[in-house]
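Asker: The structure follows.
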Amino acid sequence: MALTREERETFLAEPHIAALSVDAGPGRAPLTVPIWYQYAPGGEVWILTGADSRKNRLIQSAGRFSLMIDRVEPTIRYVSVEGPVTDTSPADTAPLREMATRYLPPEKVDGYVDYATADHGDQVVIRMRPEHWVSSDLGTV
């Protein structure tokens, strides 16, 4: 059964791991990788990735990407969202801390931010305006 707008936006706002897909060019399947993301109902989705990463290069070339988020408990539910990139900007530690806080226990955030800042190199925030949605709750089949 399809989700209502409110249900799909609420689900997308929960801290799930997404599968990001982006066109990888002629003769290649789309690049599909797991990624953390951030979303508030009614807003834009954003991700963090390396400024020199393949993900960033492909997203900038394609101008759009999709995220697919699912869960299997308490029911089998998924939301897929796709849309155009609206902004790419350099990331400082504020979005990194926000993302880490969304996914990690409080006592792990500072250590992760320190590690990521030292290890991941320059990061960018890529924002996407949700344009196309596919969603369903399959119950407990």
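Naming scheme: A, B, ... for chains in displayed order of the structure tokens; residues 1 onward per chain; ligands 1 onward as shown.
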Run DSSP on the backbone and give me the residues of chain A it puts in helix (DSSP H, G or I), as a PyMOL selection string.
Answerer: chain A and resi 5-13+54-62+93-103+106-119
Asker: Near A:Arg71, within 10 Å and counting only C-alpha atoms, which residues show up once chain neighbours fewer than 3 positions away are dropped, as a PDB file with N, CA and C atoms, in the first residue's frame?
Answerer:
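Final file, selection-v4.pdb:
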```
ATOM      1  N   PHE A  11       8.935   9.009   7.354  1.00  0.00           N
ATOM      2  CA  PHE A  11       9.848   7.875   7.223  1.00  0.00           C
ATOM      3  C   PHE A  11      11.217   8.328   6.715  1.00  0.00           C
ATOM      4  N   HIS A  16      17.675   6.319   8.774  1.00  0.00           N
ATOM      5  CA  HIS A  16      17.967   5.055   8.101  1.00  0.00           C
ATOM      6  C   HIS A  16      19.232   5.217   7.258  1.00  0.00           C
ATOM      7  N   ILE A  17      19.801   4.115   6.841  1.00  0.00           N
ATOM      8  CA  ILE A  17      20.903   4.136   5.875  1.00  0.00           C
ATOM      9  C   ILE A  17      20.260   4.091   4.490  1.00  0.00           C
ATOM     10  N   PRO A  74       8.992  -2.706  12.022  1.00  0.00           N
ATOM     11  CA  PRO A  74       7.978  -3.724  12.298  1.00  0.00           C
ATOM     12  C   PRO A  74       7.206  -4.156  11.045  1.00  0.00           C
ATOM     13  N   THR A  75       7.293  -3.381   9.974  1.00  0.00           N
ATOM     14  CA  THR A  75       6.703  -3.786   8.703  1.00  0.00           C
ATOM     15  C   THR A  75       7.731  -3.545   7.607  1.00  0.00           C
ATOM     16  N   ILE A  76       7.518  -4.149   6.466  1.00  0.00           N
ATOM     17  CA  ILE A  76       8.395  -3.916   5.326  1.00  0.00           C
ATOM     18  C   ILE A  76       7.929  -2.625   4.666  1.00  0.00           C
ATOM     19  N   ARG A  77       8.783  -1.624   4.711  1.00  0.00           N
ATOM     20  CA  ARG A  77       8.437  -0.286   4.225  1.00  0.00           C
ATOM     21  C   ARG A  77       9.621   0.291   3.477  1.00  0.00           C
ATOM     22  N   TYR A  78       9.338   1.037   2.415  1.00  0.00           N
ATOM     23  CA  TYR A  78      10.419   1.719   1.711  1.00  0.00           C
ATOM     24  C   TYR A  78       9.939   3.044   1.142  1.00  0.00           C
ATOM     25  N   VAL A  79      10.895   3.937   0.946  1.00  0.00           N
ATOM     26  CA  VAL A  79      10.690   5.213   0.271  1.00  0.00           C
ATOM     27  C   VAL A  79      11.877   5.397  -0.660  1.00  0.00           C
ATOM     28  N   ASP A 137       4.228   0.385   1.995  1.00  0.00           N
ATOM     29  CA  ASP A 137       4.317  -0.409   3.215  1.00  0.00           C
ATOM     30  C   ASP A 137       3.686  -1.745   2.871  1.00  0.00           C
TER      31      ASP A 137
END
```
Asker: Looking only at strand (DSSP E) from DSSP on the backbone, list the matching residues of stretch 12-138 of chain A as an NGL selection string.
Answerer: :A and (18-22 or 31-35 or 45-50 or 64-71 or 76-91 or 123-128 or 132-138)
Asker: Just the selected residues (C-alpha atoms), exported as a CSV table (one decimal), in the first residue's frame, please.
Answerer:
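To be explicit, this is the file written out as result-v7.csv:
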```
chain,number,residue,atom,x,y,z
A,18,ALA,CA,20.1,5.0,2.3
A,19,ALA,CA,21.2,3.5,-1.0
A,20,LEU,CA,22.4,6.4,-3.2
A,21,SER,CA,22.2,5.8,-7.0
A,22,VAL,CA,23.6,8.0,-9.7
A,31,LEU,CA,26.8,3.7,-9.0
A,32,THR,CA,24.9,2.5,-6.0
A,33,VAL,CA,26.4,2.9,-2.5
A,34,PRO,CA,25.2,3.1,1.1
A,35,ILE,CA,25.2,6.6,2.6
A,45,VAL,CA,17.6,16.0,1.3
A,46,TRP,CA,21.3,16.4,1.9
A,47,ILE,CA,24.4,14.2,2.0
A,48,LEU,CA,28.0,14.6,2.8
A,49,THR,CA,30.7,13.2,0.5
A,50,GLY,CA,34.3,13.8,-0.4
A,64,ARG,CA,20.5,14.5,-9.9
A,65,PHE,CA,20.6,11.4,-7.9
A,66,SER,CA,18.2,9.1,-6.0
A,67,LEU,CA,18.1,7.6,-2.5
A,68,MET,CA,16.2,4.4,-1.6
A,69,ILE,CA,15.6,3.8,2.1
A,70,ASP,CA,14.0,0.7,3.5
A,71,ARG,CA,13.3,-1.2,6.7
A,76,ILE,CA,8.4,-3.9,5.3
A,77,ARG,CA,8.4,-0.3,4.2
A,78,TYR,CA,10.4,1.7,1.7
A,79,VAL,CA,10.7,5.2,0.3
A,80,SER,CA,12.6,6.1,-2.9
A,81,VAL,CA,13.2,9.8,-3.7
A,82,GLU,CA,14.8,11.3,-6.7
A,83,GLY,CA,15.4,14.8,-7.8
A,84,PRO,CA,17.8,17.5,-9.0
A,85,VAL,CA,20.8,18.8,-7.2
A,86,THR,CA,20.0,22.3,-5.9
A,87,ASP,CA,23.3,23.2,-4.2
A,88,THR,CA,26.8,21.8,-3.6
A,89,SER,CA,28.9,23.6,-1.0
A,90,PRO,CA,32.1,23.0,1.0
A,91,ALA,CA,31.4,21.4,4.3
A,123,GLN,CA,33.9,17.3,2.2
A,124,VAL,CA,30.9,18.8,0.3
A,125,VAL,CA,27.2,19.1,1.2
A,126,ILE,CA,25.1,18.1,-1.8
A,127,ARG,CA,21.4,19.1,-1.6
A,128,MET,CA,18.6,17.5,-3.6
A,132,HIS,CA,9.7,11.9,-7.6
A,133,TRP,CA,8.7,9.6,-4.8
A,134,VAL,CA,7.9,5.9,-4.8
A,135,SER,CA,6.8,4.4,-1.5
A,136,SER,CA,5.0,1.4,0.0
A,137,ASP,CA,4.3,-0.4,3.2
A,138,LEU,CA,4.0,-4.1,2.5
```
Asker: Which residues are close to A:Met99, i.e. within 9 Å by only C-alpha atoms, leaving aside same-chain residues fewer than 3 positions away? Reply as a ChimeraX atom specification.
Answerer: /A:36-38,47-48,94-96,102-104
Asker: What is the atom CA of A:Gly43-atom CA of A:Ala100 distance in Å, reported with one decimal?
Answerer: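 Distance reported for this atom pair: 19.5 Å.
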Asker: Using only C-alpha atoms for the distances, tell me which of A:Pro130, A:Ala40, A:Arg28, A:Asn56 is nearest to A:Ala13.
Answerer: A:Ala40
Asker: Rounded to one decimal in Å, what is the spacing between atom CA of A:Gly42 and atom CA of A:Thr4?
Answerer: 13.3 Å
Asker: Quick one: of A:Tyr115, A:Glu44, A:Leu58, A:Asp52, who's nearest to A:Glu131, counting only C-alpha atoms?
Answerer: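 Looking only at the distances to A:Glu131, the closest residue turns out to be A:Glu44.
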Asker: May I ask for the distance between atom CA of A:Glu14 and atom CA of A:Ala62, given in Å to one decimal place?
Answerer: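 Going from atom CA of A:Glu14 over to atom CA of A:Ala62 covers 26.7 Å.
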